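Report on one structure; see the data block that follows.
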Amino acid sequence: MAEPRTIVIDPVTRIEGHSKITLHLDEHGKVEDARFHVTQFRGFEKFCEGRPFSEMPSLMARICGICPVSHLIASAKACDALLAVKIPPTAEKLRRIINIAQVAQSHALSLFHLSCPDLLLGMDSDPAESNLFGVIAKNPQLARDGIALRKFGQQIIERLGGKRIHPAWVVPGGVSEPLSPEDRDAILKTVPEALAIAMRSLEWLKSVTDKFREEVSVFGNFPSLFMSIVKRDGGLTFYDGEIRFVDETGEKVASQLDPARYFEYLGEKVEPWSYLKSAYYLPRGFPDGIYRVGPLARLNVCSQCGTPLADQALSEFRERQPNAVVSSFYYHQARLVEILYCVERIEQLLNDPEILSKHVRAIANPNALEGVGAAEAPRGTLFHHYKIDEHGLIKWVNLIIATGQNNLAMNRSVLQVAQHYVSGDKLTRGMLNRVEAVIRAYDPCLSCSTHALGQMALKLQLIGPDGAVVDEICRP
Amino acid sequence: MRFVGLEAKEPMTPRILIIAYGNPLCSDDGIAWHAADLLRERFSPDKAEIICVHQLIPELAESVSQAQGAIFLDAGQIGVPGEICQARVAQGTEVLFGTHMLTPAQLMTLSHVLYGNSPNAYEVSVTGESFAHGEQLSRKVKSALPQLIEVIDRIAQQICGTQPCSRTGIV
């Protein structure tokens, strides 16, 4: 009888950060377990201790080069709680704009740059062509559209925040500068093209998704909870509201939860084989409290988007599966629905009569020693929780990041895909790419600081129980 | 690999695009950003668009395609500190690339295949001495700034056709 073996995919490519996947085979060569390991360690929660709280938004933005604005927003909201102020209405609207501009550009990166090669060229395509140039060769308009949508979001961030990456414009108490009429008009001019691109991209994606029925059926297609922030009326929001959980039938499991009391309903478990903690819904325990966050979850949790085109797209999205849409393959479509919402909502907010008000910041000293800020980031709900001393110096930090909240689901998804496609007897690039592709569907952001996309080797190893490499293939 | 359906979308803007890139928090790696401040005093906005970025990304391709000429300004790691090198940029042949960082040649390729135009382009670098954390330039690199501005001015004139011949190599 053959010995149990392990398959290692290291590193996982076309994601934001560093990770590897190990597939554990039984003696018959069938996948019996799968693990998604996050192999990098950042340490932000520790090295912020002792810093003035007012530095936190700028420090926290450095967590990520793709979604710094989400960390800015959550951090600034935590600092607002420390100041115990209500920020000016215009400041809140401007924060909403910059936040969803970032959602749009981040979603565009994930869909067009990272996952489009799979969706356009196929899961079995040559890895040498599975990149943006491969997309350009097959469908240049799609590539241009992806770049244009990303640029749309980035230029808004740059106009509001002063720069595309790590803008310091979102500050405790509001924002540092009001919006100028010139910038408002310039952004509004870009809205029609962005809307048109989002609409035709959605039509394209809906058409190609039908070619991936097998993948839809095994890419994280299982019951779980879904969590997001929603407005009080259940509408989609990325900035403020209540926490709601729904299950795979679409039924509410919990609602009207206070984001600031997240520790009463969210638990985190540390696994010895990964630096990424696994969050779970406390009342159901670990691992039964598995839940998903991000675009798929938000569209399952919300009752409506609140903008006309996105609401129409949401209706079509919900026809994909009965009750809740549970296959993680549909994260891609959910991203485009959200891009549509973001563009429409940005236009609404920019046309708000108050948007050019000069009153954009509330000034105060700390009035509380503890504060929580929560917001919806591109990949899901983000919590920042700070405690300070009487001098305003940070004593303790806890961050609950979206990718950690999807960790249980990502692991289960990898197992589901691997059990369907991978056999220890024969290894193909297509099956390996599918194992990676299900991770890409979640768009995990493990940190964007150092990775060189497309230049990373992908190595698959079969390792025997004695540690010897039984078989190996490499992607150049 | 074959690229199809490629036509310039809009007429070219008769301007030079100067892309200054590097990390201004890593001492001499930020030379391009320092130079950009001086170049804004030299060139009016109707003559040159000056962009400061940490790295070259695909979103810059459309702007490159619309320029009459492009100048990529960066810090170099090879050579004598303060040394200025210039070279013409040809379209890249390397198709594997990431979404976070491109070379000037790859960006020129994207400009061509996506937007149907890749203008004359030059790469200018100043060899750095220190890439440690910090916002200050080393003495040797800082002293190269005036000459760097003149080099870029000359290249801009070459691109605009007011000065003949281009040079490649150490200045």
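Labels used: A, B, ... for chains in the order of the structure tokens, numbers from 1 for residues in each chain, and numbers from 1 for ligands as shown.
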Quick one: residues within 9 Å of Asn351 (chain A), only C-alpha atoms counted, chain neighbours fewer than 5 positions away excluded, as an mmCIF file with all heavy atoms, in the first residue's frame?
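Output saved as part31.cif:
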```cif
data_model
loop_
_atom_site.group_PDB
_atom_site.id
_atom_site.type_symbol
_atom_site.label_atom_id
_atom_site.label_comp_id
_atom_site.auth_asym_id
_atom_site.auth_seq_id
_atom_site.Cartn_x
_atom_site.Cartn_y
_atom_site.Cartn_z
ATOM 1 N N ARG A 184 -14.238 68.231 -8.300
ATOM 2 C CA ARG A 184 -15.555 67.594 -8.409
ATOM 3 C C ARG A 184 -15.962 67.456 -9.878
ATOM 4 O O ARG A 184 -16.369 66.386 -10.332
ATOM 5 C CB ARG A 184 -16.613 68.405 -7.669
ATOM 6 C CG ARG A 184 -18.002 67.775 -7.806
ATOM 7 C CD ARG A 184 -19.109 68.708 -7.385
ATOM 8 N NE ARG A 184 -19.099 69.938 -8.182
ATOM 9 C CZ ARG A 184 -19.958 70.927 -8.029
ATOM 10 N NH1 ARG A 184 -20.891 70.839 -7.112
ATOM 11 N NH2 ARG A 184 -19.884 72.020 -8.777
ATOM 12 N N LEU A 188 -16.538 64.048 -12.073
ATOM 13 C CA LEU A 188 -17.859 63.791 -12.674
ATOM 14 C C LEU A 188 -17.751 63.510 -14.179
ATOM 15 O O LEU A 188 -18.507 62.709 -14.720
ATOM 16 C CB LEU A 188 -18.786 64.983 -12.427
ATOM 17 C CG LEU A 188 -19.466 65.011 -11.055
ATOM 18 C CD1 LEU A 188 -20.187 66.347 -10.832
ATOM 19 C CD2 LEU A 188 -20.446 63.851 -10.884
ATOM 20 N N ILE A 346 -20.720 57.305 -6.384
ATOM 21 C CA ILE A 346 -19.780 58.436 -6.439
ATOM 22 C C ILE A 346 -20.454 59.621 -7.134
ATOM 23 O O ILE A 346 -20.360 60.763 -6.684
ATOM 24 C CB ILE A 346 -18.476 58.020 -7.170
ATOM 25 C CG1 ILE A 346 -17.623 57.143 -6.242
ATOM 26 C CG2 ILE A 346 -17.676 59.246 -7.620
ATOM 27 C CD1 ILE A 346 -16.476 56.443 -6.927
#
```
Contacts of Phe44 (chain A) at 9 Å (only C-alpha atoms; same-chain gap of 6+ positions) as a PyMOL selection string: chain A and resi 59-60+63+397+399
Selection near Ser125 (chain B), 6 Å with only C-alpha atoms, sequence-local residues under 2 positions removed, as a count of residues only: 6
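Distance annotation: of A:Val230, A:Val438, A:Ala143, A:Ala194, the residue with the minimal separation from Ser217 (chain A) is A:Val438; atom set is only C-alpha atoms.
Those residues that approach Gly69 (chain B) to within 10 Å, counting only C-alpha atoms, are B:Met12, B:Thr13, B:Pro14, B:Arg15, B:Ile16, B:Leu17, B:Ile18, B:Ala48, B:Val64, B:Ser65, B:Gln66, B:Ala67, B:Ile71, B:Ser118, B:Pro119, B:Asn120, B:Ala121, B:Tyr122, B:Ile155, B:Ala156, B:Gln158, B:Ile159, B:Cys160; same-chain residues fewer than 2 positions away are not listed.
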